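Working notes, beginning with the structure itself.
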Amino acid sequence: MAEKAPALPTLLWISHGSAEYAAAVTLRRALLRWPLGLDFTPAELAAEAVEQHLGLFQEGELWGTLVLRPLSGASWQMRQVAVAGERQGFGWGRLLVREGECRALALGGARLVLHARETVVAFYEKLGYQAYGDPFEEVTLIHRAMSKELVQPALIDMPSDSAE
Ligand SMILES: CC(C)(COP(=O)(O)OP(=O)(O)OC[C@H]1O[C@@H](n2cnc3c(N)ncnc32)[C@H](O)[C@@H]1OP(=O)(O)O)[C@@H](O)C(=O)NCCC(=O)NCCS
């Protein structure tokens, strides 16, 4: 009998405080905080209640995540982009960022900003983000501010019905 093909991973917008959110915090902690000798404070996690949380899941396992924070006006901040080590390099980071952009647009956003670690500036450049301003330190690492103006996907002109 033929083996069952593995299910494709699925993007899911998750609720703050849910089991999926807990899995996302665990992944973010392991990738973005513990290697720096840091952790999230309860206040930081509580403040995330107003943010949008995205997860990429495959059969219940979290492969990647990101967070969108509403700023003033039509700006959103993309934060905490992380893909599990063994899943990196397969396009999942790009997929997460693209879905984040679509979500921000759908919520009325027109601009995404982010703080990129120096080691991943080239990743965001590939996705259309531009660095601005001087490098600065955050969570012990040098970062660059980056931004991207969001553009609605062009509507496709459909030919009108013809009576001919
Ligand atoms: C940065 C990260 C999210 C990228 O996710 P990923 O799934 O590995 O990236 P993708 O496979 O989608 O890569 C998309 C493209 O960016 C490139 N890329 C990925 N990481 C890169 C990096 N660090 N530097 C330069 N290019 C990079 C890939 O080669 C690919 O290019 P291609 O289209 O020419 O093939 C992931 O490596 C990660 O979680 N890193 C640890 C956490 C971290 O540093 N997060 C960012 C905090 S600001």
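To be explicit about the labels: the chains of the structure tokens are called A, B, and onward in the order shown, and within each one the residues are counted from 1, while ligands get numbers from 1 in the order they are shown.
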Neighbour list for A:Ala74 as a PyMOL selection string, cut-off 10 Å, only C-alpha atoms, skip fewer than 5 positions in-chain: chain A and resi 104-105+107-112
Who sits within 12 Å of A:Val81, only C-alpha atoms, same chain under 2 positions skipped, as a ChimeraX atom specification: /A:24-25,27-29,31-32,53-56,63-68,77-79,83-84,88,92-100,114-117,120,123-124
Residue nearest A:Ala23 among A:Ile142, A:Leu11, A:Leu45, A:Leu62 (counting only C-alpha atoms): A:Leu62
Atom CA of A:Tyr21 to atom 41 (C, counted along the ligand's line) of ligand 1, straight-line distance in Å: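 Computed distance, atom 41 (C, counted along the ligand's line) of ligand 1 to atom CA of A:Tyr21, equals 18.2 Å.
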Residues within 8 Å of A:Pro9, only C-alpha atoms, excluding chain neighbours under 3 positions, as a PyMOL selection string: chain A and resi 56-59
Keeping only N, CA and C atoms, write the selected residues as a PDB file, in the first residue's frame.
```pdb
ATOM      1  N   LEU A  56       2.872  28.833  11.791  1.00  0.00           N
ATOM      2  CA  LEU A  56       2.900  27.874  10.684  1.00  0.00           C
ATOM      3  C   LEU A  56       2.988  26.493  11.321  1.00  0.00           C
ATOM      4  N   PHE A  57       1.946  25.693  11.133  1.00  0.00           N
ATOM      5  CA  PHE A  57       1.845  24.399  11.803  1.00  0.00           C
ATOM      6  C   PHE A  57       1.832  23.262  10.793  1.00  0.00           C
ATOM      7  N   GLN A  58       2.478  22.184  11.166  1.00  0.00           N
ATOM      8  CA  GLN A  58       2.376  20.962  10.378  1.00  0.00           C
ATOM      9  C   GLN A  58       2.015  19.836  11.337  1.00  0.00           C
ATOM     10  N   GLU A  59       0.797  19.317  11.159  1.00  0.00           N
ATOM     11  CA  GLU A  59       0.291  18.250  12.022  1.00  0.00           C
ATOM     12  C   GLU A  59       0.546  18.552  13.498  1.00  0.00           C
TER      13      GLU A  59
END
```
Closest of A:Thr119, A:Gln52, A:Phe90, A:Met146 to A:Trp13 - atom-to-atom distances counting only C-alpha atoms: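 Nearest to A:Trp13: A:Gln52.
Remark: for A:Ser75, the closest of the candidate residues A:Glu125, A:Glu149, A:Glu118, A:Asp134 is A:Glu149 (distances computed over only C-alpha atoms).
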